$ cat my_file_10.cif   # mmCIF, C-alpha atoms
data_data
#
loop_
_atom_site.label_atom_id
_atom_site.label_comp_id
_atom_site.auth_asym_id
_atom_site.auth_seq_id
_atom_site.Cartn_x
_atom_site.Cartn_y
_atom_site.Cartn_z
CA MET A 1 0.00 0.00 0.00
CA GLU A 2 1.24 3.47 -0.77
CA MET A 3 1.97 6.01 1.91
CA ASN A 4 -1.51 7.49 1.98
CA LYS A 5 -2.80 5.04 4.51
CA LEU A 6 -3.73 6.09 7.98
CA PRO A 7 -2.63 3.76 10.75
CA GLU A 8 -5.39 1.78 12.38
CA GLY A 9 -5.06 3.59 15.71
CA CYS A 10 -5.68 6.89 14.00
CA VAL A 11 -8.75 5.55 12.20
CA SER A 12 -10.08 4.16 15.49
CA THR A 13 -9.69 7.56 17.14
CA ILE A 14 -11.58 9.25 14.32
CA ILE A 15 -14.39 6.69 14.52
CA SER A 16 -14.59 7.06 18.31
CA LEU A 17 -15.42 10.73 17.77
CA THR A 18 -18.43 9.98 15.56
CA SER A 19 -21.35 7.96 16.91
CA PRO A 20 -22.16 4.27 17.50
CA GLU A 21 -24.24 4.32 14.35
CA ASP A 22 -21.44 5.82 12.26
CA ALA A 23 -19.03 3.31 13.75
CA CYS A 24 -21.19 0.34 12.80
CA ARG A 25 -21.56 1.70 9.30
CA SER A 26 -17.81 2.22 9.00
CA SER A 27 -17.32 -1.52 9.45
CA LEU A 28 -18.46 -1.88 5.88
CA VAL A 29 -15.86 0.47 4.42
CA SER A 30 -13.10 -2.13 4.19
CA SER A 31 -11.55 -4.94 6.19
CA SER A 32 -8.99 -2.58 7.73
CA PHE A 33 -11.78 -0.23 8.80
CA ARG A 34 -13.70 -3.12 10.21
CA SER A 35 -10.81 -4.04 12.45
CA ALA A 36 -10.34 -0.38 13.45
CA VAL A 37 -14.01 -0.28 14.47
CA GLU A 38 -13.57 -3.31 16.74
CA SER A 39 -11.02 -1.45 18.84
CA ASP A 40 -11.74 -0.77 22.52
CA VAL A 41 -10.71 2.84 21.86
CA VAL A 42 -13.92 3.24 19.86
CA TRP A 43 -16.43 1.61 22.20
CA GLU A 44 -14.93 2.87 25.43
CA ARG A 45 -15.99 6.33 24.29
CA PHE A 46 -19.52 5.25 23.49
CA LEU A 47 -20.06 3.63 26.88
CA PRO A 48 -21.83 5.56 29.61
CA SER A 49 -19.21 7.31 31.70
CA ASP A 50 -20.11 5.36 34.83
CA TYR A 51 -20.58 1.99 33.14
CA GLN A 52 -18.36 0.22 35.66
CA ASP A 53 -20.55 1.36 38.50
CA THR A 54 -23.71 0.39 36.62
CA ILE A 55 -22.45 -3.07 35.80
CA SER A 56 -21.40 -3.78 39.36
CA ARG A 57 -24.72 -2.54 40.73
CA SER A 58 -26.76 -4.72 38.41
CA GLY A 59 -25.40 -7.75 40.25
CA GLU A 60 -25.95 -10.18 37.42
CA ASN A 61 -22.84 -9.26 35.51
CA ASN A 62 -19.20 -8.76 36.01
CA LEU A 63 -16.90 -6.68 33.84
CA LYS A 64 -14.76 -9.76 33.31
CA ASN A 65 -17.64 -11.42 31.49
CA PHE A 66 -17.13 -9.10 28.57
CA SER A 67 -14.32 -9.80 26.16
CA SER A 68 -14.33 -6.34 24.61
CA LYS A 69 -15.71 -2.87 25.09
CA LYS A 70 -17.86 -3.41 22.04
CA GLU A 71 -19.50 -6.42 23.64
CA LEU A 72 -20.06 -4.36 26.75
CA PHE A 73 -21.62 -1.62 24.66
CA LEU A 74 -23.98 -4.09 23.02
CA HIS A 75 -24.88 -5.36 26.46
CA PHE A 76 -25.93 -1.84 27.37
CA CYS A 77 -27.95 -1.67 24.17
CA ASN A 78 -29.80 -4.90 24.74
CA ALA A 79 -30.02 -5.51 28.42
CA VAL A 80 -30.57 -1.93 29.38
CA LEU A 81 -30.71 0.23 32.42
CA ILE A 82 -33.63 -0.11 34.66
CA ASP A 83 -35.28 1.83 37.34
CA GLY A 84 -37.04 -0.70 39.48
CA ALA A 85 -40.51 0.21 40.68
CA ARG A 86 -39.10 1.21 44.10
CA GLU A 87 -36.94 3.81 42.38
CA LEU A 88 -39.89 5.36 40.62
CA SER A 89 -42.03 7.96 42.15
CA ILE A 90 -45.60 6.74 42.11
CA THR A 91 -48.28 8.95 43.51
CA TRP A 92 -49.91 7.46 46.63
CA SER A 93 -47.78 4.35 46.32
CA ASP A 94 -47.13 4.34 50.07
CA ASN A 95 -50.82 4.02 50.74
CA PRO A 96 -51.75 0.31 50.83
CA GLU A 97 -55.31 1.13 49.92
CA PHE A 98 -54.16 2.13 46.50
CA TRP A 99 -50.94 0.27 45.83
CA ILE A 100 -49.38 -2.84 47.25
CA TRP A 101 -45.77 -3.83 47.05
CA LYS A 102 -45.07 -7.46 46.45
CA SER A 103 -42.45 -9.72 45.09
CA SER A 104 -42.89 -11.20 41.68
CA PRO A 105 -40.93 -14.29 40.62
CA ASP A 106 -40.30 -13.00 37.11
CA SER A 107 -39.17 -9.57 38.21
CA ARG A 108 -35.55 -8.52 38.28
CA PHE A 109 -36.29 -6.53 41.40
CA ALA A 110 -37.19 -7.46 44.92
CA GLU A 111 -40.59 -5.86 44.65
CA VAL A 112 -43.02 -4.65 42.08
CA ALA A 113 -45.87 -2.24 42.63
CA GLU A 114 -49.38 -3.51 42.10
CA LEU A 115 -52.18 -1.09 41.67
CA LYS A 116 -55.29 -2.00 43.62
CA SER A 117 -57.46 0.89 42.82
CA VAL A 118 -56.73 4.48 42.09
CA SER A 119 -58.26 7.27 40.05
CA LYS A 120 -55.17 9.36 39.70
CA LEU A 121 -52.22 7.57 38.21
CA GLU A 122 -48.81 9.22 38.18
CA ILE A 123 -45.57 7.36 37.65
CA GLU A 124 -42.29 9.11 37.21
CA GLY A 125 -38.75 7.84 36.70
CA LYS A 126 -35.53 9.76 36.47
CA ILE A 127 -32.15 8.98 35.07
CA ARG A 128 -29.02 11.04 34.56
CA THR A 129 -27.78 10.96 30.98
CA GLN A 130 -24.23 10.24 32.12
CA LYS A 131 -25.47 6.72 32.78
CA LEU A 132 -26.25 6.38 29.08
CA SER A 133 -24.17 6.31 25.93
CA PRO A 134 -23.55 9.71 24.42
CA ASN A 135 -24.83 10.66 20.97
CA THR A 136 -27.50 8.03 20.99
CA ARG A 137 -31.26 8.14 20.60
CA TYR A 138 -33.01 6.40 23.48
CA GLY A 139 -36.51 5.18 24.02
CA ALA A 140 -38.04 4.94 27.50
CA TYR A 141 -40.52 2.16 28.24
CA LEU A 142 -42.76 1.44 31.18
CA ILE A 143 -42.50 -2.27 31.91
CA MET A 144 -45.79 -3.52 33.22
CA LYS A 145 -48.41 -6.23 33.33
CA THR A 146 -52.03 -6.40 34.12
CA ASN A 147 -53.45 -8.97 36.51
CA SER A 148 -56.67 -10.87 36.04
CA GLY A 149 -58.71 -8.29 37.86
CA ALA A 150 -57.56 -5.38 35.77
CA TYR A 151 -60.15 -2.77 35.01
CA GLY A 152 -60.46 0.78 33.84
CA LEU A 153 -57.08 0.83 32.16
CA ASP A 154 -58.20 0.97 28.57
CA LEU A 155 -60.88 3.59 28.78
CA VAL A 156 -58.73 6.64 28.88
CA PRO A 157 -55.22 6.76 27.49
CA ALA A 158 -52.49 7.90 29.83
CA GLU A 159 -50.28 10.79 28.92
CA THR A 160 -46.64 9.95 28.55
CA SER A 161 -43.83 12.43 28.45
CA VAL A 162 -40.08 12.75 28.51
CA GLU A 163 -38.21 15.81 29.69
CA VAL A 164 -34.50 16.40 29.32
CA GLY A 165 -33.16 19.08 31.62
CA SER A 166 -36.47 20.81 32.08
CA GLN A 167 -37.40 20.78 28.43
CA SER A 168 -40.13 18.56 27.17
CA VAL A 169 -38.74 16.51 24.29
CA SER A 170 -41.52 14.06 23.73
CA SER A 171 -45.13 13.71 24.76
CA ASN A 172 -47.67 11.17 23.70
CA LYS A 173 -50.58 9.09 24.83
CA ALA A 174 -50.80 5.40 25.51
CA TYR A 175 -53.38 2.90 26.64
CA LEU A 176 -52.22 0.97 29.66
CA THR A 177 -53.52 -2.34 28.45
CA ASN A 178 -54.31 -4.22 25.30
CA GLN A 179 -57.79 -3.65 24.13
CA ASP A 180 -59.17 -7.08 23.94
CA ALA A 181 -62.04 -7.20 21.50
CA LYS A 182 -64.60 -9.05 23.56
CA LYS A 183 -64.01 -7.00 26.62
CA GLN A 184 -64.22 -3.89 24.56
CA GLN A 185 -67.67 -4.85 23.39
CA MET A 186 -68.84 -5.37 26.93
CA GLU A 187 -67.38 -2.14 28.03
CA CYS A 188 -69.02 -0.36 25.18
CA LEU A 189 -72.31 -1.60 26.51
CA PHE A 190 -71.62 -0.63 30.05
CA TYR A 191 -69.68 2.50 29.59
CA SER A 192 -70.75 3.85 26.26
CA ASN A 193 -72.19 6.97 27.76
CA ARG A 194 -69.18 7.59 29.85
CA ARG A 195 -66.90 7.01 26.87
CA GLN A 196 -68.80 9.57 24.90
CA MET A 197 -68.45 11.96 27.72
CA LEU A 198 -64.73 11.37 28.04
CA LYS A 199 -63.87 11.63 24.38
CA PRO A 200 -63.70 15.40 24.15
CA ARG A 201 -61.38 15.56 27.13
CA VAL A 202 -58.67 13.41 25.61
CA LEU A 203 -57.55 13.25 22.01
CA ASP A 204 -57.93 9.89 20.40
CA SER A 205 -55.40 9.93 17.60
CA GLY A 206 -51.91 8.43 17.51
CA ILE A 207 -52.24 6.64 20.81
CA ASN A 208 -49.62 4.06 21.69
CA GLY A 209 -50.57 0.64 22.84
CA VAL A 210 -49.00 -2.11 24.84
CA THR A 211 -46.35 -4.34 23.31
CA GLU A 212 -45.49 -7.82 24.51
CA ARG A 213 -41.92 -8.47 25.55
CA LYS A 214 -39.94 -11.66 25.34
CA ASP A 215 -39.55 -11.80 29.11
CA GLY A 216 -43.28 -12.14 29.77
CA TRP A 217 -43.78 -8.52 30.71
CA MET A 218 -45.41 -5.91 28.55
CA GLU A 219 -44.26 -2.42 27.81
CA ILE A 220 -45.56 0.89 26.62
CA GLU A 221 -43.40 3.52 25.08
CA VAL A 222 -43.08 6.52 27.34
CA GLY A 223 -41.18 8.57 24.78
CA GLU A 224 -37.81 9.12 23.27
CA PHE A 225 -34.90 11.48 23.59
CA PHE A 226 -31.52 12.09 22.11
CA ASN A 227 -28.64 11.86 24.54
CA GLY A 228 -25.95 14.33 23.50
CA GLU A 229 -22.75 14.77 25.47
CA SER A 230 -23.76 16.90 28.43
CA ASP A 231 -25.00 15.39 31.66
CA GLU A 232 -28.67 16.13 32.19
CA MET A 233 -31.58 14.77 34.15
CA VAL A 234 -34.16 12.90 32.12
CA LYS A 235 -37.65 12.67 33.59
CA MET A 236 -40.00 10.07 32.19
CA SER A 237 -43.57 10.04 33.28
CA VAL A 238 -46.87 8.30 32.72
CA ARG A 239 -49.97 10.08 33.97
CA GLU A 240 -53.66 9.56 33.79
CA ILE A 241 -55.16 12.34 35.79
CA LYS A 242 -57.61 13.92 33.41
CA GLY A 243 -60.15 11.19 33.07
CA TYR A 244 -60.77 10.54 36.76
CA GLN A 245 -61.43 6.97 35.81
CA LEU A 246 -61.08 4.42 38.57
CA LYS A 247 -58.61 1.76 37.55
CA GLY A 248 -56.75 -1.18 39.01
CA GLY A 249 -54.82 -4.34 38.32
CA LEU A 250 -51.72 -2.73 36.90
CA VAL A 251 -48.38 -4.22 37.96
CA ILE A 252 -45.35 -2.01 37.54
CA GLU A 253 -41.88 -3.46 37.16
CA GLY A 254 -40.01 -0.31 36.26
CA ILE A 255 -38.94 1.97 33.48
CA GLU A 256 -36.46 0.75 30.94
CA VAL A 257 -34.28 2.96 28.83
CA ARG A 258 -32.62 1.57 25.74
CA PRO A 259 -31.18 2.82 22.46
CA LYS A 260 -33.78 3.20 19.80
CA LYS A 261 -33.05 1.60 16.49
CA MET B 1 27.95 32.98 17.24
CA SER B 2 27.61 34.96 20.45
CA LYS B 3 26.48 32.90 23.43
CA LEU B 4 24.32 35.79 24.53
CA GLY B 5 22.74 36.10 21.17
CA GLN B 6 19.02 35.66 21.37
CA ALA B 7 19.07 34.81 17.71
CA LYS B 8 16.45 32.15 17.17
CA ARG B 9 17.73 28.80 16.19
CA ILE B 10 16.46 27.66 12.83
CA ILE B 11 15.76 24.02 12.06
CA PHE B 12 16.11 22.79 8.49
CA LEU B 13 13.60 20.24 7.27
CA LYS B 14 13.65 18.56 3.89
CA THR B 15 10.47 17.11 2.44
CA ALA B 16 9.96 14.02 0.29
CA ASP B 17 9.62 16.23 -2.78
CA GLY B 18 12.97 17.85 -2.06
CA GLN B 19 11.91 21.21 -0.63
CA LEU B 20 13.90 22.76 2.17
CA PHE B 21 11.98 24.45 4.99
CA GLU B 22 13.48 26.78 7.57
CA VAL B 23 11.47 26.54 10.75
CA ASP B 24 11.86 28.34 14.09
CA GLU B 25 13.05 25.90 16.71
CA PRO B 26 10.00 26.05 19.05
CA VAL B 27 7.72 25.32 16.10
CA ALA B 28 9.84 22.44 14.81
CA MET B 29 9.98 20.97 18.33
CA GLU B 30 6.22 20.54 18.19
CA PHE B 31 7.00 17.68 15.82
CA GLU B 32 7.81 14.78 18.10
CA ILE B 33 9.82 13.14 15.33
CA VAL B 34 12.07 16.20 14.93
CA LYS B 35 12.41 16.61 18.68
CA SER B 36 13.55 13.04 19.16
CA PHE B 37 15.93 13.39 16.23
CA PHE B 38 17.75 16.14 18.12
CA ASP B 39 17.41 14.38 21.47
CA GLU B 40 19.20 11.40 19.97
CA ASN B 41 21.77 13.48 18.11
CA GLU B 42 22.70 16.05 20.72
CA ASP B 43 25.83 17.07 18.90
CA ALA B 44 24.08 17.60 15.59
CA ALA B 45 25.41 20.66 13.81
CA ASP B 46 23.20 23.74 13.69
CA ASP B 47 22.79 23.38 9.96
CA THR B 48 21.77 19.75 10.06
CA VAL B 49 18.98 19.05 7.61
CA VAL B 50 16.33 16.69 9.00
CA PRO B 51 14.94 14.55 6.21
CA LEU B 52 11.16 13.95 6.24
CA PRO B 53 10.76 11.23 3.62
CA ASN B 54 7.02 10.74 4.26
CA VAL B 55 5.90 14.37 4.05
CA SER B 56 5.61 16.56 1.02
CA ALA B 57 5.83 20.34 0.89
CA GLU B 58 2.16 21.28 0.73
CA PRO B 59 0.97 19.61 3.93
CA LEU B 60 4.17 20.58 5.73
CA ALA B 61 3.55 24.24 4.96
CA GLY B 62 0.04 23.87 6.36
CA ILE B 63 1.32 22.14 9.47
CA ILE B 64 3.95 24.80 10.10
CA GLU B 65 1.27 27.48 9.83
CA PHE B 66 -0.88 25.67 12.39
CA CYS B 67 1.91 24.91 14.85
CA LYS B 68 3.36 28.40 14.61
CA ALA B 69 0.02 29.93 15.53
CA HIS B 70 -0.46 27.51 18.40
CA VAL B 71 3.04 28.06 19.80
CA GLU B 72 2.23 31.77 19.85
CA PHE B 73 -1.15 31.19 21.48
CA ARG B 74 0.55 29.28 24.26
CA ALA B 75 3.21 31.94 24.68
CA ASN B 76 0.48 34.58 24.98
CA GLY B 77 -1.52 32.54 27.45
CA ALA B 78 -4.37 32.33 24.95
CA ALA B 79 -4.51 28.52 24.87
CA GLY B 80 -8.08 27.27 25.06
CA LYS B 81 -9.53 30.71 24.46
CA ASP B 82 -11.93 31.86 21.79
CA GLU B 83 -9.24 33.23 19.48
CA VAL B 84 -7.78 29.71 19.23
CA LYS B 85 -11.15 28.30 18.29
CA LYS B 86 -11.57 31.07 15.77
CA PHE B 87 -8.18 30.39 14.25
CA ASN B 88 -8.87 26.64 14.06
CA ALA B 89 -12.26 27.16 12.42
CA GLU B 90 -10.76 29.58 9.92
CA TYR B 91 -7.83 27.26 9.29
CA ILE B 92 -9.99 24.30 8.44
CA LYS B 93 -12.67 26.16 6.51
CA GLU B 94 -10.77 26.34 3.26
CA LYS B 95 -9.34 22.82 3.43
CA SER B 96 -10.71 20.21 1.07
CA ASN B 97 -11.21 16.65 2.23
CA GLU B 98 -8.13 15.70 0.23
CA GLN B 99 -6.03 18.36 1.94
CA LEU B 100 -7.33 17.29 5.33
CA LYS B 101 -6.30 13.75 4.64
CA GLU B 102 -2.81 14.86 3.56
CA LEU B 103 -2.56 16.93 6.74
CA ILE B 104 -3.54 14.13 9.07
CA LEU B 105 -1.18 11.68 7.39
CA ALA B 106 1.66 14.15 7.79
CA ALA B 107 0.69 15.15 11.34
CA ASN B 108 0.53 11.49 12.26
CA TYR B 109 3.97 10.80 10.79
CA LEU B 110 5.49 13.87 12.44
CA ASN B 111 3.64 12.92 15.64
CA ILE B 112 2.16 16.29 16.60
CA LYS B 113 -0.32 15.52 19.34
CA GLU B 114 -2.24 18.78 19.50
CA MET B 115 -2.71 18.96 15.76
CA LEU B 116 -3.65 15.29 15.52
CA ASP B 117 -6.36 15.75 18.14
CA PHE B 118 -7.71 18.68 16.22
CA LEU B 119 -7.63 16.90 12.86
CA THR B 120 -9.20 13.67 14.08
CA GLU B 121 -12.08 15.66 15.53
CA THR B 122 -12.49 17.68 12.35
CA ILE B 123 -12.50 14.59 10.17
CA ALA B 124 -14.91 12.81 12.50
CA ASN B 125 -17.29 15.75 12.15
CA ARG B 126 -17.06 15.56 8.38
CA LEU B 127 -17.82 11.83 8.41
CA LYS B 128 -20.78 11.90 10.77
CA ASN B 129 -23.92 10.48 9.25
CA LYS B 130 -22.27 9.86 5.89
CA SER B 131 -22.66 6.80 3.69
CA VAL B 132 -20.11 4.02 3.42
CA GLU B 133 -19.29 5.16 -0.13
CA TYR B 134 -18.57 8.66 1.12
CA VAL B 135 -16.15 7.37 3.75
CA ARG B 136 -14.40 5.20 1.16
CA ALA B 137 -14.01 8.14 -1.20
CA PHE B 138 -12.80 10.33 1.66
CA PHE B 139 -9.94 8.00 2.54
CA GLY B 140 -9.39 6.67 -0.97
CA ILE B 141 -10.11 3.14 0.18
CA GLU B 142 -11.27 0.27 -1.99
CA ASN B 143 -13.92 -2.13 -0.80
CA ASP B 144 -12.01 -5.36 -0.21
CA PHE B 145 -14.90 -7.46 1.11
CA THR B 146 -16.31 -10.40 -0.79
CA PRO B 147 -20.05 -10.03 -1.43
CA GLN B 148 -20.68 -12.64 1.29
CA GLU B 149 -18.57 -10.81 3.85
CA GLU B 150 -20.24 -7.55 2.96
CA GLU B 151 -23.66 -9.09 3.42
CA ALA B 152 -22.63 -10.46 6.82
CA VAL B 153 -21.45 -7.06 8.08
CA ARG B 154 -24.55 -5.38 6.69
CA LYS B 155 -26.76 -7.86 8.53
CA GLU B 156 -24.91 -7.41 11.78
CA TYR B 157 -25.42 -3.67 11.76
CA GLU B 158 -28.63 -3.40 9.78
CA TRP B 159 -30.07 -0.61 11.89
CA ALA B 160 -27.10 1.67 11.21
CA PHE B 161 -27.75 1.99 7.52
CA GLU B 162 -30.92 3.98 7.55
CA GLY B 163 -31.20 7.68 7.05
CA VAL B 164 -27.70 8.85 6.14
CA ASP B 165 -27.07 12.26 4.60
CA GLU B 166 -26.79 12.75 0.87
CA ASP B 167 -23.13 12.47 -0.16
#

$ encode --input "my_file_10.cif" --output "structure tokens"
Amino acid sequence: MEMNKLPEGCVSTIISLTSPEDACRSSLVSSSFRSAVESDVVWERFLPSDYQDTISRSGENNLKNFSSKKELFLHFCNAVLIDGARELSITWSDNPEFWIWKSSPDSRFAEVAELKSVSKLEIEGKIRTQKLSPNTRYGAYLIMKTNSGAYGLDLVPAETSVEVGSQSVSSNKAYLTNQDAKKQQMECLFYSNRRQMLKPRVLDSGINGVTERKDGWMEIEVGEFFNGESDEMVKMSVREIKGYQLKGGLVIEGIEVRPKK
Amino acid sequence: MSKLGQAKRIIFLKTADGQLFEVDEPVAMEFEIVKSFFDENEDAADDTVVPLPNVSAEPLAGIIEFCKAHVEFRANGAAGKDEVKKFNAEYIKEKSNEQLKELILAANYLNIKEMLDFLTETIANRLKNKSVEYVRAFFGIENDFTPQEEEAVRKEYEWAFEGVDED
């Protein structure tokens, strides 16, 4: 090769200053680029600044389990950072009339919060962006389930929002449960008047629903945000306070934050 | 020469294309490769010509301009201030991708840390959100993957290929 070839270390440094997406794309440039992209120099920079702390707190993993910084990065992409339900701020959650705390065998946390009955639902989670990879678009998801006695969750969509710093970056609406067809029919019969009445209060278009997860839980998208390079507080919240609809049977595991593809 | 003379020492550098440059000592010492040349040859005569077989005249002139300005910034206590940023932005504005590449190759060979940091960041900014073809053209690199290998990499990183800028 002639002299106009940059050494691999130099290419790795350049790639580390772009973004994870650019880095992945660069793998396709040539075989020498591909090997420059694999370098720890690249992925170390994309990792959250306190990744060591996060890994050791999660308990399930050890830094030694990862053969490279890239693998570690992908772990952060897939397995995610979680706020367990206890870390969330849930309105009235310390009142056992409304919420009970219990352990759930399929939860990663000691306790989950189960909603008995409440009219005003407010769940908020916070995370500092330094815990996340810089220059990456993230989605926030409320991980939840409904138990057999669930009611009132699909009548009025909850409002979801994400704030970075104190700026609102995303706001949307989501139903807190799947609208099962049969049940819907019944509810139409029972609640049709009330539904009519509620309609004008909440907009009905572009409402998110519940998605099933591989781990047996379900999730709804709370919103998304772009994590730049500065350290800011991200507030993610799910609220249903407009409809004054009594609801129950919601089980909250936590809020998950993961890169959005 | 008078020992008291404050006359600046001049370092002679000779490029691959045979041009001779006369550079003030503090500027030339920014080049790690030149510095270690003199560290290793302490008794080198004042008119020693340091050969730079991997650098041609055009990028060297650009590098000298950059290092000279930065040596002065440091001497004036302006390092890290706005005027440095302004100079850097102005410096890079007129440079084509080709010139940038020549500069980084030369800066890498000469081992000039400050300039390398600046150039890697500048190039990274120019490559952000660009297509694979753009990056290849930028570095003058040929695709050496077999179609199967290419497909495998594309699969692995599928999500990274959407929504790039126009080249």

$ interface_residues --input "my_file_10.cif" --of "chain B" --to "chain A" --cutoff "10 Å" --atoms "only C-alpha atoms" --output "short mmCIF file (atom, residue, chain, number, x, y, z; two decimals) with C-alpha atoms, in the frame of the given file"
data_model
loop_
_atom_site.label_atom_id
_atom_site.label_comp_id
_atom_site.auth_asym_id
_atom_site.auth_seq_id
_atom_site.Cartn_x
_atom_site.Cartn_y
_atom_site.Cartn_z
CA ASN B 54 7.02 10.74 4.26
CA VAL B 55 5.90 14.37 4.05
CA LYS B 101 -6.30 13.75 4.64
CA GLU B 102 -2.81 14.86 3.56
CA ILE B 104 -3.54 14.13 9.07
CA LEU B 105 -1.18 11.68 7.39
CA ALA B 106 1.66 14.15 7.79
CA ASN B 108 0.53 11.49 12.26
CA TYR B 109 3.97 10.80 10.79
CA LEU B 116 -3.65 15.29 15.52
CA ASP B 117 -6.36 15.75 18.14
CA LEU B 119 -7.63 16.90 12.86
CA THR B 120 -9.20 13.67 14.08
CA GLU B 121 -12.08 15.66 15.53
CA THR B 122 -12.49 17.68 12.35
CA ILE B 123 -12.50 14.59 10.17
CA ALA B 124 -14.91 12.81 12.50
CA ASN B 125 -17.29 15.75 12.15
CA ARG B 126 -17.06 15.56 8.38
CA LEU B 127 -17.82 11.83 8.41
CA LYS B 128 -20.78 11.90 10.77
CA ASN B 129 -23.92 10.48 9.25
CA LYS B 130 -22.27 9.86 5.89
CA SER B 131 -22.66 6.80 3.69
CA VAL B 132 -20.11 4.02 3.42
CA GLU B 133 -19.29 5.16 -0.13
CA TYR B 134 -18.57 8.66 1.12
CA VAL B 135 -16.15 7.37 3.75
CA ARG B 136 -14.40 5.20 1.16
CA ALA B 137 -14.01 8.14 -1.20
CA PHE B 139 -9.94 8.00 2.54
CA GLY B 140 -9.39 6.67 -0.97
CA ILE B 141 -10.11 3.14 0.18
CA GLU B 142 -11.27 0.27 -1.99
CA ASN B 143 -13.92 -2.13 -0.80
CA ASP B 144 -12.01 -5.36 -0.21
CA PHE B 145 -14.90 -7.46 1.11
CA GLU B 149 -18.57 -10.81 3.85
CA GLU B 150 -20.24 -7.55 2.96
CA GLU B 151 -23.66 -9.09 3.42
CA ALA B 152 -22.63 -10.46 6.82
CA VAL B 153 -21.45 -7.06 8.08
CA ARG B 154 -24.55 -5.38 6.69
CA GLU B 156 -24.91 -7.41 11.78
CA TYR B 157 -25.42 -3.67 11.76
CA GLU B 158 -28.63 -3.40 9.78
CA TRP B 159 -30.07 -0.61 11.89
CA ALA B 160 -27.10 1.67 11.21
CA PHE B 161 -27.75 1.99 7.52
CA GLU B 162 -30.92 3.98 7.55
CA VAL B 164 -27.70 8.85 6.14
#

$ atom_distance --input "my_file_10.cif" --atom1 "atom CA of Pro48 of chain A" --atom2 "atom CA of Asp231 of chain A"
10.5 Å

$ resolve_selection --input "my_file_10.cif" --expression "the PyMOL selection byres ((chain A and resi 43) around 7)" --output "list in words"
Ser16, Asp40, Val41, Val42, Glu44, Arg45, Phe46, Leu47, Lys69, Lys70 and Phe73 of chain A

$ atom_distance --input "my_file_10.cif" --atom1 "atom CA of Tyr175 of chain A" --atom2 "atom CA of Thr129 of chain A"
27.2 Å

$ resolve_selection --input "my_file_10.cif" --expression "the PyMOL selection byres ((chain B and resi 22) around 8)" --output "ChimeraX atom specification"
/B:10-13,20-21,23-24

$ atom_distance --input "my_file_10.cif" --atom1 "atom CA of Glu219 of chain A" --atom2 "atom CA of Leu246 of chain A"
21.1 Å

$ closest_residue --input "my_file_10.cif" --among "A:Thr160, A:Thr146, A:Ser117, A:Ser39" --to "Lys247 of chain A" --atoms "only C-alpha atoms"
A:Ser117

$ residues_around --input "my_file_10.cif" --residues "Ile123 of chain A" --least-positions-apart "6" --cutoff "10 Å" --atoms "all atoms listed in the file" --output "VMD selection string"
chain A and resid 85 88 to 93 142 160 236 to 240 252 254 to 255

$ residues_around --input "my_file_10.cif" --residues "segment 87-91 of chain B" --least-positions-apart "3" --cutoff "9 Å" --atoms "only C-alpha atoms" --output "ChimeraX atom specification"
/B:66,69,82-84,94-95,118

$ build_atoms --input "my_file_10.cif" --residues "segment 68-78 of chain B" --atoms "N, CA and C atoms" --output "JSON list (two decimals), in the coordinates of the input"
[["chain", "number", "residue", "atom", "x", "y", "z"],
["B", 68, "LYS", "N", 2.82, 27.07, 14.31],
["B", 68, "LYS", "CA", 3.36, 28.40, 14.61],
["B", 68, "LYS", "C", 2.31, 29.21, 15.39],
["B", 69, "ALA", "N", 1.10, 29.19, 14.87],
["B", 69, "ALA", "CA", 0.02, 29.93, 15.53],
["B", 69, "ALA", "C", -0.20, 29.40, 16.94],
["B", 70, "HIS", "N", -0.17, 28.07, 17.09],
["B", 70, "HIS", "CA", -0.46, 27.51, 18.40],
["B", 70, "HIS", "C", 0.68, 27.73, 19.40],
["B", 71, "VAL", "N", 1.92, 27.74, 18.91],
["B", 71, "VAL", "CA", 3.04, 28.06, 19.80],
["B", 71, "VAL", "C", 2.87, 29.48, 20.31],
["B", 72, "GLU", "N", 2.44, 30.38, 19.43],
["B", 72, "GLU", "CA", 2.23, 31.77, 19.85],
["B", 72, "GLU", "C", 1.06, 31.88, 20.83],
["B", 73, "PHE", "N", -0.01, 31.16, 20.56],
["B", 73, "PHE", "CA", -1.15, 31.19, 21.48],
["B", 73, "PHE", "C", -0.70, 30.81, 22.89],
["B", 74, "ARG", "N", 0.10, 29.74, 22.95],
["B", 74, "ARG", "CA", 0.55, 29.28, 24.26],
["B", 74, "ARG", "C", 1.43, 30.33, 24.93],
["B", 75, "ALA", "N", 2.31, 30.93, 24.13],
["B", 75, "ALA", "CA", 3.21, 31.94, 24.68],
["B", 75, "ALA", "C", 2.42, 33.14, 25.21],
["B", 76, "ASN", "N", 1.30, 33.44, 24.57],
["B", 76, "ASN", "CA", 0.48, 34.58, 24.98],
["B", 76, "ASN", "C", -0.56, 34.22, 26.03],
["B", 77, "GLY", "N", -0.52, 32.99, 26.47],
["B", 77, "GLY", "CA", -1.52, 32.54, 27.45],
["B", 77, "GLY", "C", -2.93, 32.50, 26.89],
["B", 78, "ALA", "N", -3.03, 32.32, 25.56],
["B", 78, "ALA", "CA", -4.37, 32.33, 24.95],
["B", 78, "ALA", "C", -4.90, 30.91, 24.73]]
